[in-house]
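Participant: Pasting in a structure now, in structure tokens, and then I'll have a few things to ask.
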4 protein chains.
Amino acid sequence: MPDTIQNEGLLDRALRRVSTLWRDMAERVTGPEAEGADLAARMRDCLAGRGGEVSARARAAGLAQAYVAADAQGRRAFLRTLAAFDSDAEAVARAADALTAAGDAEARAGAKVKLRRALEPPRLRLLTQFTTIPDGMKFLVDLRAELLHMAQGDGMLGALEADMKGLLANWFDVGFLELRRIDWSSPAALLERLVDYEAVHRIRTWRDLKNRLDSDRRCYAFFHPRMPEEPLIFVEVALVQGLAESVQRLLDQKAPVLDPGMADTAVFYSINNCQRGLDGIAFGNFLIKRVVDVLSAELRGLKNFATLSPIPGFCRWLAERENAADDQLLTEPEAAALRKVAGVPLATHGTAALSLLMARRGWPKDQGLAAALEPVLVRLCARYLVAEGGRNPKRARDPVTHFHLSNGARVERINWLGDVSAKGMRESAGLMVNYLYDPAKIEDQHEAYAGEGKRASAPAVRKLLKG
Amino acid sequence: MPDTIQNEGLLDRALRRVSTLWRDMAERVTGPEAEGADLAARMRDCLAGRGGEVSARARAAGLAQAYVAADAQGRRAFLRTLAAFDSDAEAVARAADALTAAGDAEARAGAKVKLRRALEPPRLRLLTQFTTIPDGMKFLVDLRAELLHMAQGDGMLGALEADMKGLLANWFDVGFLELRRIDWSSPAALLERLVDYEAVHRIRTWRDLKNRLDSDRRCYAFFHPRMPEEPLIFVEVALVQGLAESVQRLLDQKAPVLDPGMADTAVFYSINNCQRGLDGIAFGNFLIKRVVDVLSAELRGLKNFATLSPIPGFCRWLAERENAADDQLLTEPEAAALRKVAGVPLATHGTAALSLLMARRGWPKDQGLAAALEPVLVRLCARYLVAEGGRNPKRARDPVTHFHLSNGARVERINWLGDVSAKGMRESAGLMVNYLYDPAKIEDQHEAYAGEGKRASAPAVRKLLKG
Amino acid sequence: MPDTIQNEGLLDRALRRVSTLWRDMAERVTGPEAEGADLAARMRDCLAGRGGEVSARARAAGLAQAYVAADAQGRRAFLRTLAAFDSDAEAVARAADALTAAGDAEARAGAKVKLRRALEPPRLRLLTQFTTIPDGMKFLVDLRAELLHMAQGDGMLGALEADMKGLLANWFDVGFLELRRIDWSSPAALLERLVDYEAVHRIRTWRDLKNRLDSDRRCYAFFHPRMPEEPLIFVEVALVQGLAESVQRLLDQKAPVLDPGMADTAVFYSINNCQRGLDGIAFGNFLIKRVVDVLSAELRGLKNFATLSPIPGFCRWLAERENAADDQLLTEPEAAALRKVAGVPLATHGTAALSLLMARRGWPKDQGLAAALEPVLVRLCARYLVAEGGRNPKRARDPVTHFHLSNGARVERINWLGDVSAKGMRESAGLMVNYLYDPAKIEDQHEAYAGEGKRASAPAVRKLLKG
Amino acid sequence: MPDTIQNEGLLDRALRRVSTLWRDMAERVTGPEAEGADLAARMRDCLAGRGGEVSARARAAGLAQAYVAADAQGRRAFLRTLAAFDSDAEAVARAADALTAAGDAEARAGAKVKLRRALEPPRLRLLTQFTTIPDGMKFLVDLRAELLHMAQGDGMLGALEADMKGLLANWFDVGFLELRRIDWSSPAALLERLVDYEAVHRIRTWRDLKNRLDSDRRCYAFFHPRMPEEPLIFVEVALVQGLAESVQRLLDQKAPVLDPGMADTAVFYSINNCQRGLDGIAFGNFLIKRVVDVLSAELRGLKNFATLSPIPGFCRWLAERENAADDQLLTEPEAAALRKVAGVPLATHGTAALSLLMARRGWPKDQGLAAALEPVLVRLCARYLVAEGGRNPKRARDPVTHFHLSNGARVERINWLGDVSAKGMRESAGLMVNYLYDPAKIEDQHEAYAGEGKRASAPAVRKLLKG
């Protein structure tokens, strides 16, 4: 999409825009000379509320500006200085002792409250003060995005990052979010952000985007009241008849438009988290279920809610298995068939034959090859999705699978040649999965997976497992 | 104001309205039978996120409904059950030990983070879940209002109350609030709330209210995005020429309306906190200063920003002094003059003569009496405001005085017969004060008061002190 | 309702508010001296677009201001001056001749266009220019209200009034109007206008108003985009079970509130036109049918849509009949029964006995009397509604009846003691009618009434006619 | 701009969208069979208000649908059928006679009103009924666009077109329009329309569009409340320092962005009428002046308001003069100089040499050539703008010049190589003009031009005339 500006970081772009505002705000109290002052002293002024809390917050704007203006090293220094405003060790020790000494339940409850209070690091106050400045919330979210990166191997910054995550988790609780529909009447500035944030199936042109917002499509996002122009997460939905099996067909700009009233199925074909600074704060589960509610109410004809999802870890897993020389990956008849098609000696490792074949460019268009590969890959995919575990064997190995099973969905269908884009071929061997959200079963399936690691799947998928 | 419904508590009214919504929400997951279930078990389900977080939050709606339906005793039981979901004592002890054992700063930083996490009581999660239900934020605020009352002398509830305060302070940080102007075009439902919440100078009729929202009046309030119809705090402002000296004149419905462009002074004559459940979370300072900014930008003719404030503790202080038989309260000439007017023996205690005179009904209309009382009461009031301390001698004895001095204002003028309402006479002997907000001096005056307890006042007020 | 300002005319109030705006606008082009200039010259400048059309419209503001500032005589002079800007007599004569001379249909069509153009009076342009000034549309509407009054017997003003009606009919075509729901969250300023405009069943207090906007009530109004705060017409609806029979019971503030989902009937109990300046431009028919649509969509339980209407001409008609000494109004048995109850000689005229009885204060509470009167009055009312004609015998004599029959409704039921207010007793002998709007029959009933004057009524009502 | 849909007419696109809505609306009253009915009969039903006005308007939806579904021939038939609902010839004749016979002014005034009423063609009513259907106003505007085309040489359709113009002029009076700013936060659907409608300087890509909406750019449009998503006219403005001289430089996407607070000049560089169906109804004058007001209020640093305008008729005029073999177009020294540069015999006609030179591709880059042409073309352009007349010698020959002079602007500067696009070279020989809007002189300049045809111009331009 040649029309999109991508030559500067999102953080910098946003910050530059409000920088003038902050300067104005800061100068009202501090005067320009204050900018030269010692960073720690300026932070101390904010924390002490010098000149009253209103002034302190104006000063915070000056600090935000200093941060934005700094280079990488300066920013690290800023954050370490901030991290040093930690709770008072002695006060903590005293409060911990008091808790140990507390006699009964009532006393312990009170002592705990006091210990928690003693542990609250003063730096939290400055972080909170940033909320008052224009676009301050976006500043904080982007600050955490940087911090997540910088904190690796830095215990002080790690503690600061933990504080920020705590604050943001509080402020971005789903109870505060607004679900909004996005369509072709939405602000261009917002649509441009969708283009930037869409990572699952890239939006290539404005026409591609418009097609995704047509009358048989839906797009919904969560927003925070203090970041009203920034989507937090969004989902793209296609209203179709029957489960969709190919993302290329869904995104085909020449496909006819379906009267939404005729659709029986809503297919969630792309879900994107937009704010790296909110990593670890979960919205996806809520988003899907809220959208299911909204669509059910609007379109009475809808009977099924399902995804059309990539399998990002499938080929990586296959490769690992090949390296592991695990001949049991293929059945003997499968191995034989592949060897034959591949034209390699009988002695060749079955899995090696598989990867040899998959490495051939354009194999999906070679009908004989594709016919030989299909049963093998589909079966292996079913196994990967439903049976393979990771470090935690109770957890699905694929992160997308884990996400949907955790939400209470089930593995419904595997689609051969569902995504023949370069990325789709590279990561998923062209396969895609439908996960089905059946409102009546979501709770039980969630519990079974969360508790015993039991993965829900359609009979047809389970049948594949048996080969 | 006969037209206002005041026959039921605000909490109950709000809750009844959403109760049906909650029932619907709760029934989707729990079924009606769940309502009979053990309260603790239901809370445990919420905290464990049984059936997934979406379901857990629907269950929270059922719990909210159970709370609302309960009587006082049931509500206390509910809250004590909730309070019992406290942090795990052993995990806390372990984390505290780890902190003690931590070697260097980095290790300590990490250990503190872990100790804070260990101390987080699970009950916080349920409180957060309530935010998702309709009007859930108002539910939480009103819950704390009740809890503030119930927690007295109950350590467990006290700890729960501390949790709630922490959460609410986070969510209601001024960075999240919206300043809105309220006028005669505001929703009647909102105006009705103003009537309910105005406690300084009661609104008696809709015509009284309309007069307070006329073109030479302003009213501003802070709102939270999740409680959009509930003002948190509001201020009423009169645009006038010169400092206003009498609240009765300000509220006179027959007074001519001033062209706002002609006003040189904005008088803040009533500030009201609306939500008892937000006690201890401060907005007033921000509100006044934001309104000063807004008005300055809109009306270039405004030169002064001041309050016309009651002195709620003045008469109580006088009475205490009388009981203390502190003859030094009056100067000898003052005492003599009052004795004479009062027609009492010379031996009568000066302060006694004062209170004797003030007890006479309608004394403000007795010219001789009023003339004798004025210099004495005004001087004493200046002393009360500027010199008297409470338990903390650095802090102004009057709470209103303390509030404005903390904000960086100064005691500007004492107004004789500024409020001749029954309440005004009873509490303030009819006196009112103007506190002046001079943007150029706010910071320094705040610092001087916050640091050394130095109270800013106009020369004329200081002169009164010297008698 | 003591809280409502009613001591100044609506026109004056609105105009005073915008007068300053107009002055500012006007002074930009004309300078204050222009105000003294000859009125006709100033109008000529506007019509000629002197200084360009933008300036001309600014000048129009000055003229509007002059009008508002004038007394009754000045206003008449203003309007007569304006009326004199009529079409050019010679040009009209020429165009009329050209039409007479036109040969074929094409030529005639063109000639008519030219004649219409020649007839267009220049004054229309100034009226249109007023639309540009703030609140200009309300100014025009109120201007016509005054003109309707002044034009009686004044042919020049009559022609001006006809122009205005034409313009306003164009601008206020129902295609431009917005239907909005009004409830307790509507602006107080708007609600205050409802109070002013409600003439059928006066709103007495804000509590009365709030009760009419409760959850089992609805209020809808039409608005024009250029008069967004002024309702044009509004209707009040009660959601009930079964046809409502008493307006006092509907308006009872202590009556329990019905869950709207349980209602099977929507009762339109008050319809009010708000703008006298729009007399003769009809909205009521559209309003009722749009509201029927809106309510049907929202509340699936609604099965019947009906009014509860006054019969404003009933008692007047009775009195006329009495004067007409038309003994056939009562049947002989009715007359006998009434004479007996009235205790008057047998010779007394039957209708006289009726009016004698009705003149007794508090007769509805005298059970015997009421029992005697009920069958007689109800029968006569049925006759009045369904059989009596006015000057045009095909048209229902009662204006309210005519309105609803024209809309395609039918006379459904007559309610004994449906409105026992002073006005209800005086005008309708306490009776009220339900008119039923059955969507399936509206078209046919409208046609039958509009064409042959056939009045639709329920069998029970027709039965009454036969006595 | 590859991303823009331009493969279907605007009318058809809009109509297809609402067609389903209309069908639903129409079917409620007429039933599908009605569609087959005779067109004239259906129109008669609408005009007669059969089944009541609400039903009649629903029927109108059916007629709109029939129109949309028809081909060119069917549409013409439709419109001629409609046009035939003309005023009654006899009634007109009677009313014209009555006017002739009218005795005094009062009687004449009344007779004129009656004649106007008699002349009102019934077809107006159906046109008005269309306003009620969804997107009905856009339907009417597009209908007139088609009609303007079809009515050429068809007297009946011409009369219908005149009716439509009258109605639309009433409804689209500037008093009803809303000025809105358009920026990058505007709906994408609206921005897409800008792209479609911009005809002066084509928008080539979304990036080009975004650049035109950057912080040192402004775009304003008029909208009608009943066509809220359709701009009627829009203007693009650049905030710059000094008068802009080159449109390519203005539209350069790599040019640095100016802080709007630093701009001293607002340059209106593109004005576009969007609705062909509103031809002859003028908004441009109002738009420019409203935008001048808005910008003046927002940006205090702005001192000059000017356009950067094309000269669409300049080259055509030059060509006509050449054909006219008017040697006096060039002075003798000019002719000699050009002959020399062109390398043609001395005998060659001066103007021929000019056009010979201008026909050389890429001449602006040939420095010698350009230097020779500049003084000649600039002088001729000044003459064309300020001295040349058309059929009406008091009116500027160039339509753009006429527009701005009528608005009260003056010819301020001629810019050499101001527009070197293909279109700019072809139409204007690369020249552009600045017209200056000086609020203090607009009225007088307008009057002088409107009255005596006097064209305002800067001294430097007048000096050019003298050569």
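Quick note on naming: the chains in the structure tokens go A, B, ... in the order shown, residues restart at 1 in each chain, and ligands are numbered from 1 in order of appearance.
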Taking only C-alpha atoms into account, what are the residues of chain A at most 6 Å from chain D, put as a list in words?

Facilitator: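 So the contacting residues turn out to be Asp3, Trp184, Ser185, Ser186, Pro187, Ala188, Ala189, Trp206 and Arg207 of chain A.
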
Participant: Save the residues we just selected, all heavy atoms, as a CSV table (one decimal), in the first residue's frame?

Facilitator:
```csv
chain,number,residue,atom,x,y,z
A,3,ASP,N,0.4,4.2,-0.2
A,3,ASP,CA,0.0,5.5,0.3
A,3,ASP,C,0.1,5.7,1.8
A,3,ASP,O,-0.2,6.7,2.4
A,3,ASP,CB,-1.5,5.7,0.0
A,3,ASP,CG,-1.7,6.2,-1.4
A,3,ASP,OD1,-0.7,6.6,-2.0
A,3,ASP,OD2,-2.8,6.2,-1.9
A,184,TRP,N,-16.7,2.1,6.6
A,184,TRP,CA,-16.1,3.0,5.6
A,184,TRP,C,-16.5,4.4,6.0
A,184,TRP,O,-16.0,5.4,5.4
A,184,TRP,CB,-16.6,2.6,4.2
A,184,TRP,CG,-15.9,3.3,3.1
A,184,TRP,CD1,-16.5,4.1,2.1
A,184,TRP,CD2,-14.5,3.4,2.8
A,184,TRP,NE1,-15.6,4.6,1.3
A,184,TRP,CE2,-14.3,4.2,1.6
A,184,TRP,CE3,-13.4,2.8,3.4
A,184,TRP,CZ2,-13.1,4.4,1.1
A,184,TRP,CZ3,-12.1,3.0,2.8
A,184,TRP,CH2,-12.0,3.8,1.7
A,185,SER,N,-17.4,4.6,6.9
A,185,SER,CA,-17.7,6.0,7.4
A,185,SER,C,-16.8,6.4,8.6
A,185,SER,O,-17.0,7.4,9.1
A,185,SER,CB,-19.2,6.0,7.8
A,185,SER,OG,-20.0,6.0,6.6
A,186,SER,N,-16.0,5.5,9.0
A,186,SER,CA,-15.1,5.9,10.1
A,186,SER,C,-14.0,6.8,9.6
A,186,SER,O,-13.7,6.9,8.4
A,186,SER,CB,-14.4,4.6,10.6
A,186,SER,OG,-15.3,3.7,11.1
A,187,PRO,N,-13.4,7.6,10.6
A,187,PRO,CA,-12.4,8.6,10.2
A,187,PRO,C,-11.3,7.9,9.4
A,187,PRO,O,-10.8,6.8,9.8
A,187,PRO,CB,-11.9,9.1,11.6
A,187,PRO,CG,-13.0,8.9,12.5
A,187,PRO,CD,-13.7,7.6,12.0
A,188,ALA,N,-10.8,8.6,8.4
A,188,ALA,CA,-9.7,8.1,7.6
A,188,ALA,C,-8.5,7.8,8.5
A,188,ALA,O,-7.7,6.9,8.3
A,188,ALA,CB,-9.3,9.0,6.5
A,189,ALA,N,-8.3,8.7,9.5
A,189,ALA,CA,-7.1,8.6,10.4
A,189,ALA,C,-7.2,7.3,11.1
A,189,ALA,O,-6.2,6.6,11.4
A,189,ALA,CB,-7.1,9.7,11.4
A,206,TRP,N,-6.2,0.9,-0.4
A,206,TRP,CA,-7.4,1.4,0.2
A,206,TRP,C,-8.6,0.6,-0.3
A,206,TRP,O,-9.6,0.5,0.3
A,206,TRP,CB,-7.5,2.9,-0.1
A,206,TRP,CG,-6.7,3.7,0.8
A,206,TRP,CD1,-5.4,4.0,0.7
A,206,TRP,CD2,-7.1,4.2,2.1
A,206,TRP,NE1,-4.9,4.8,1.7
A,206,TRP,CE2,-5.9,4.9,2.6
A,206,TRP,CE3,-8.3,4.2,2.8
A,206,TRP,CZ2,-6.0,5.6,3.9
A,206,TRP,CZ3,-8.3,4.9,4.1
A,206,TRP,CH2,-7.2,5.5,4.6
A,207,ARG,N,-8.5,0.1,-1.6
A,207,ARG,CA,-9.6,-0.6,-2.1
A,207,ARG,C,-9.8,-2.0,-1.4
A,207,ARG,O,-10.9,-2.4,-1.1
A,207,ARG,CB,-9.4,-0.9,-3.6
A,207,ARG,CG,-10.5,-1.6,-4.3
A,207,ARG,CD,-10.4,-1.7,-5.8
A,207,ARG,NE,-10.7,-0.4,-6.4
A,207,ARG,CZ,-10.6,-0.2,-7.7
A,207,ARG,NH1,-10.3,-1.1,-8.5
A,207,ARG,NH2,-10.9,1.0,-8.1
```

Participant: Just how far from atom CA of Val291 of chain D is atom CA of Ala450 of chain D, in Å to one decimal?

Facilitator: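 Atom CA of Val291 of chain D lies 22.8 Å from atom CA of Ala450 of chain D.
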
Participant: Using only C-alpha atoms, which protein or nucleic acid residues come within 12 Å of segment 339-346 of chain A? Drop anything in the same chain fewer than 3 positions from it, and give the result as JSON, numbers by chain.

Facilitator: {"A": [330, 332, 333, 334, 335, 336, 349, 350, 351, 352, 353, 354, 355, 356, 357, 358, 359, 360, 363, 366, 367, 368, 369, 370, 371, 372, 373]}

Participant: Write to file, as a compact mmCIF listing (two decimals), in the first residue's frame, the residues of the selection just made, with N, CA, C and O atoms.

Facilitator:
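So result-v7.txt came out as:
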```txt
# COMPACT_ATOMS: atom_id res chain seq x y z
N LEU A 330 5.08 -40.10 10.19
CA LEU A 330 4.27 -40.61 9.08
C LEU A 330 3.98 -42.09 9.29
O LEU A 330 4.80 -42.82 9.84
N GLU A 332 3.56 -45.83 7.71
CA GLU A 332 4.35 -46.45 6.65
C GLU A 332 3.73 -46.25 5.27
O GLU A 332 4.41 -45.84 4.33
N PRO A 333 2.42 -46.48 5.13
CA PRO A 333 1.82 -46.25 3.80
C PRO A 333 2.00 -44.80 3.35
O PRO A 333 2.29 -44.54 2.18
N GLU A 334 1.85 -43.85 4.27
CA GLU A 334 2.05 -42.45 3.91
C GLU A 334 3.46 -42.23 3.41
O GLU A 334 3.68 -41.61 2.35
N ALA A 335 4.42 -42.72 4.15
CA ALA A 335 5.82 -42.54 3.77
C ALA A 335 6.07 -43.13 2.39
O ALA A 335 6.71 -42.51 1.52
N ALA A 336 5.54 -44.31 2.16
CA ALA A 336 5.74 -44.97 0.87
C ALA A 336 5.16 -44.13 -0.25
O ALA A 336 5.79 -43.91 -1.29
N HIS A 349 14.12 -41.23 4.55
CA HIS A 349 13.33 -40.94 5.72
C HIS A 349 11.97 -40.38 5.27
O HIS A 349 11.89 -39.49 4.42
N GLY A 350 10.88 -40.91 5.80
CA GLY A 350 9.56 -40.44 5.36
C GLY A 350 9.39 -38.94 5.51
O GLY A 350 8.97 -38.24 4.58
N THR A 351 9.74 -38.41 6.68
CA THR A 351 9.56 -36.99 6.92
C THR A 351 10.43 -36.16 5.98
O THR A 351 10.02 -35.08 5.53
N ALA A 352 11.59 -36.69 5.69
CA ALA A 352 12.46 -35.98 4.74
C ALA A 352 11.78 -35.88 3.40
O ALA A 352 11.82 -34.83 2.74
N ALA A 353 11.14 -36.94 2.98
CA ALA A 353 10.42 -36.91 1.70
C ALA A 353 9.34 -35.83 1.74
O ALA A 353 9.14 -35.07 0.79
N LEU A 354 8.65 -35.77 2.90
CA LEU A 354 7.61 -34.77 3.06
C LEU A 354 8.17 -33.37 2.87
O LEU A 354 7.65 -32.55 2.08
N SER A 355 9.27 -33.06 3.56
CA SER A 355 9.78 -31.69 3.49
C SER A 355 10.39 -31.44 2.12
O SER A 355 10.33 -30.32 1.61
N LEU A 356 10.90 -32.48 1.50
CA LEU A 356 11.43 -32.35 0.15
C LEU A 356 10.31 -31.91 -0.80
O LEU A 356 10.47 -30.99 -1.61
N LEU A 357 9.18 -32.56 -0.64
CA LEU A 357 8.06 -32.24 -1.51
C LEU A 357 7.53 -30.83 -1.25
O LEU A 357 7.23 -30.07 -2.17
N MET A 358 7.44 -30.48 0.04
CA MET A 358 6.89 -29.18 0.39
C MET A 358 7.81 -28.04 -0.04
O MET A 358 7.37 -26.89 -0.17
N ALA A 359 9.06 -28.38 -0.24
CA ALA A 359 10.01 -27.34 -0.65
C ALA A 359 9.88 -27.00 -2.13
O ALA A 359 10.41 -26.00 -2.59
N ARG A 360 9.21 -27.87 -2.88
CA ARG A 360 9.05 -27.60 -4.31
C ARG A 360 8.14 -26.39 -4.52
O ARG A 360 6.99 -26.39 -4.10
N TRP A 363 4.01 -26.23 -5.48
CA TRP A 363 3.44 -27.58 -5.40
C TRP A 363 1.91 -27.59 -5.33
O TRP A 363 1.29 -28.53 -5.84
N ASP A 366 0.55 -28.42 -8.61
CA ASP A 366 0.83 -29.74 -9.18
C ASP A 366 -0.17 -30.72 -8.59
O ASP A 366 -0.05 -31.17 -7.45
N GLN A 367 -1.18 -31.04 -9.42
CA GLN A 367 -2.31 -31.79 -8.87
C GLN A 367 -1.92 -33.11 -8.22
O GLN A 367 -2.40 -33.47 -7.16
N GLY A 368 -1.02 -33.85 -8.89
CA GLY A 368 -0.62 -35.14 -8.34
C GLY A 368 0.06 -34.97 -7.00
O GLY A 368 -0.27 -35.64 -6.01
N LEU A 369 0.96 -34.04 -6.95
CA LEU A 369 1.70 -33.76 -5.72
C LEU A 369 0.74 -33.35 -4.61
O LEU A 369 0.79 -33.86 -3.48
N ALA A 370 -0.14 -32.40 -4.95
CA ALA A 370 -1.08 -31.90 -3.95
C ALA A 370 -1.94 -33.03 -3.43
O ALA A 370 -2.20 -33.14 -2.22
N ALA A 371 -2.38 -33.90 -4.34
CA ALA A 371 -3.25 -35.01 -3.93
C ALA A 371 -2.53 -35.94 -2.97
O ALA A 371 -3.13 -36.48 -2.03
N ALA A 372 -1.23 -36.11 -3.19
CA ALA A 372 -0.47 -36.98 -2.29
C ALA A 372 -0.24 -36.33 -0.94
O ALA A 372 -0.27 -36.97 0.10
N LEU A 373 -0.02 -35.02 -0.97
CA LEU A 373 0.30 -34.32 0.28
C LEU A 373 -0.93 -34.10 1.15
O LEU A 373 -0.85 -34.12 2.38
```

Participant: If I take atom CA of Phe403 of chain A and atom CA of Ile271 of chain A, how far is one from the other in Å, to one decimal?

Facilitator: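 Result for atom CA of Phe403 of chain A versus atom CA of Ile271 of chain A: 11.3 Å, one decimal.
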
Participant: Write out as number ranges by chain which residues come within 6 Å of segment 304-310 of chain A when counting only C-alpha atoms, dropping same-chain ones fewer than 4 positions away.

Facilitator: A: 265-269, 432-437

Participant: Please, could you write that set of residues out with C-alpha atoms as a PDB file, in the first residue's frame?

Facilitator:
```
ATOM      1  CA  THR A 265     -22.329 -17.806   9.514  1.00  0.00           C
ATOM      2  CA  ALA A 266     -20.052 -15.100  10.889  1.00  0.00           C
ATOM      3  CA  VAL A 267     -16.411 -15.854  10.251  1.00  0.00           C
ATOM      4  CA  PHE A 268     -13.799 -14.077  12.370  1.00  0.00           C
ATOM      5  CA  TYR A 269     -10.864 -14.092  10.001  1.00  0.00           C
ATOM      6  CA  MET A 432      -6.173 -22.941   7.884  1.00  0.00           C
ATOM      7  CA  VAL A 433      -8.468 -23.964  10.741  1.00  0.00           C
ATOM      8  CA  ASN A 434     -11.984 -23.036  11.723  1.00  0.00           C
ATOM      9  CA  TYR A 435     -12.547 -22.755  15.453  1.00  0.00           C
ATOM     10  CA  LEU A 436     -16.223 -22.906  16.335  1.00  0.00           C
ATOM     11  CA  TYR A 437     -17.743 -20.732  19.071  1.00  0.00           C
TER      12      TYR A 437
END
```

Participant: If DSSP is run on the backbone, what residues of segment 126-280 of chain C are alpha helix (DSSP H)? A reply as a ChimeraX atom specification would be ideal.

Facilitator: /C:126-129,136-150,155-171,188-197,206-212,247-251

Participant: By how many Å are atom CA of Arg117 of chain B and atom CA of Gly49 of chain A apart?

Facilitator: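 Separating atom CA of Arg117 of chain B from atom CA of Gly49 of chain A is a distance of 27.3 Å.
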
Participant: Gly313 of chain C: which residues within 10 Å, counting only C-alpha atoms, same-chain residues fewer than 4 positions away excluded, as a list of chain:residue names?

Facilitator: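 So, after excluding close chain neighbours, the residues are C:Trp317, C:Leu318, C:Tyr384, C:Leu385, C:Arg397, C:Asp398, C:Pro399, C:Val400, C:Thr401, C:Glu427, C:Ser428.
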
Participant: Give me, as a PyMOL selection string, all polymer residues having an atom no more than 12 Å from Gln275 of chain C, counting only C-alpha atoms and skipping those fewer than 6 positions away in the same chain.

Facilitator: chain C and resi 10-11+137-146+168+172+193-194+196-198+222-224+227+230-234+281-283

Participant: Counting only C-alpha atoms, what is within 8 Å of Val257 of chain B, bar same-chain residues fewer than 3 positions away, as a ChimeraX atom specification?

Facilitator: /B:214-216

Participant: Take the residues just selected and output them with C-alpha atoms as a PDB file, in the first residue's frame.

Facilitator:
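The resulting file, selection-v5.pdb, is reproduced below:
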```pdb
ATOM      1  CA  ASP B 214     -28.738  31.889  33.723  1.00  0.00           C
ATOM      2  CA  SER B 215     -26.406  33.637  31.286  1.00  0.00           C
ATOM      3  CA  ASP B 216     -24.425  35.372  34.058  1.00  0.00           C
TER       4      ASP B 216
END
```
